[in-house]
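Undergrad: Pasting a structure below so you can have a look.
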Amino acid sequence: GAVVSQHPSWVICKSGTSVKIECRSLDFQATTMFWYRQFPKQSLMLMATSNEGSKATYEQGVEKDKFLINHASLTLSTLTVTSAHPEDSSFYICSARDAEDQPQHFGDGTRLSIL
Amino acid sequence: AQSVAQPEDQVNVAEGNPLTVKCTYSVSGNPYLFWYVQYPNRGLQFLLKYITGDNLVKGSYGFEAEFNKSQTSFHLKKPSALVSDSALYFCAVRDIRRMDSNYQLIWGAGTKLIIKP
């Protein structure tokens, strides 16, 4: 149980393109979803926290207009990297949780490469 | 300030030997503690958690962790290491600055575990 599906797993695109990443909880309702960014050989950096039907809470230093997050249902959240540039290249990981005292369950991540 | 420390960047263990991956924390009140494992180019997988109860917590893949309040530690252990245990391990603690359902985790820097045949 507690499976989170993240797509796509790998994206290569040109600078200026917008990229959408989907995160789905397959067998539970995710009241809260998290989006992380991970640089090589580093820990996770939380970008934002989202609840279904409400605006995401962004961490300090994360551009809201650059990284658009939508959490339209209890099983789906999307991260759109708008007008991506090479410095946005990274490994993006989502996670979901159904209750306060439960662990976060992670997707397999999306490797984003902007040329 | 709240924090999580994983003092070892890398731990090397021979297959079949016991392993320990260290984690210490600094947080006010009772901590919620977690261990996750990450394989290359994958997301994180939940191993185990401590919220309350027995100090020795058993988790997935034969791993366990011992909560030690006096030493503010939550070391991950396994009695007999497998080569397939080689991965990146993260310790995390609940961020108590937000006590609502949106609470976040404070993550350690990660420890690379290498199990040699």
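Please note that chains go A, B, ... in the order of the structure tokens, that every chain numbers its residues from 1, and that ligands are numbered from 1 in the order shown.
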How close does chain B get to chain A? List, as CSV, each residue of chain B within 6 Å, its nearest atom pair and the distance in Å to one decimal, counting only C-alpha atoms.
TA:
```
residue,atom,partner,partner_atom,distance
B:Arg42,CA,A:Asp108,CA,4.6
B:Gly43,CA,A:Asp108,CA,3.9
B:Leu44,CA,A:Phe106,CA,5.5
B:Ser101,CA,A:Glu100,CA,5.1
B:Ala109,CA,A:Ser43,CA,4.9
```
Undergrad: Residues at most 10 Å from Ser18 in chain A, counting only C-alpha atoms, excluding those fewer than 2 positions away in the same chain, as a list in words?
TA: Cys13, Lys14, Ser15, Gly16, Lys20, Lys66, Phe67, Thr80, Val81, Thr82, Ser83, Ala84 and His85 of chain A
Undergrad: DSSP says helix (DSSP H, G or I) for which residues of chain B? Put them as a list in words?
TA: Ser60, Tyr61, Gly62, Val83, Ser84 and Asp85 of chain B
Undergrad: For CA of Phe34 in chain B and CA of Leu113 in chain B, determine how far apart the two atoms are, in Å to one decimal place.
TA: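 These two atoms are separated by 17.0 Å.
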Undergrad: With only C-alpha atoms as the atoms that count, which of A:Gln38, A:Ser25, A:Leu112, A:His71 lies nearest to Ser54 in chain A?
TA: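 Among A:Gln38, A:Ser25, A:Leu112, A:His71, it is A:His71 that comes nearest to Ser54 in chain A.
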Undergrad: Show me, as a list in words, the residues that have an atom within 7 Å of His7 in chain A when counting only C-alpha atoms, minus same-chain residues fewer than 3 positions from it.
TA: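 Final neighbour list, sorted by chain and number: Ile21, Glu22, Cys23 and Thr110 of chain A.
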Undergrad: Output the selection as an mmCIF file, in the first residue's frame - C-alpha atoms for each residue.
TA:
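Once written, out_30.cif looks like this:
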```cif
data_model
loop_
_atom_site.group_PDB
_atom_site.id
_atom_site.type_symbol
_atom_site.label_atom_id
_atom_site.label_comp_id
_atom_site.auth_asym_id
_atom_site.auth_seq_id
_atom_site.Cartn_x
_atom_site.Cartn_y
_atom_site.Cartn_z
ATOM 1 C CA ILE A 21 5.271 16.921 -13.480
ATOM 2 C CA GLU A 22 2.441 14.839 -12.058
ATOM 3 C CA CYS A 23 2.285 13.205 -8.658
ATOM 4 C CA THR A 110 11.706 13.302 -12.144
#
```
Undergrad: Could you give me the residues within chain A that DSSP places in strand (DSSP E), as a ChimeraX atom specification?
TA: /A:4-7,10-13,19-25,32-38,44-51,57-58,67-73,76-81,90-97,105-106,110-114
Undergrad: For Asp27 in chain A, find every residue with an atom within 7 Å (counting only C-alpha atoms), except residues of its own chain fewer than 5 positions away, and show them as a PyMOL selection string.
TA: chain A and resi 1-3
Undergrad: Give me a file of those residues, with N, CA and C atoms, as a JSON list (two decimals), in the first residue's frame.
TA:
```
[["chain", "number", "residue", "atom", "x", "y", "z"],
["A", 1, "GLY", "N", 0.81, -1.20, 0.00],
["A", 1, "GLY", "CA", 0.00, 0.00, 0.00],
["A", 1, "GLY", "C", 0.85, 1.26, 0.00],
["A", 2, "ALA", "N", 0.18, 2.42, -0.01],
["A", 2, "ALA", "CA", 0.81, 3.73, 0.02],
["A", 2, "ALA", "C", 1.78, 3.93, -1.14],
["A", 3, "VAL", "N", 1.24, 3.82, -2.33],
["A", 3, "VAL", "CA", 2.06, 3.99, -3.53],
["A", 3, "VAL", "C", 1.84, 5.38, -4.11]]
```
Undergrad: Rounded to one decimal, what separation in Å do you get between CA of Leu68 in chain A and CA of Ala56 in chain A?
TA: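 About the pair CA of Leu68 in chain A and CA of Ala56 in chain A: they are 8.8 Å apart.
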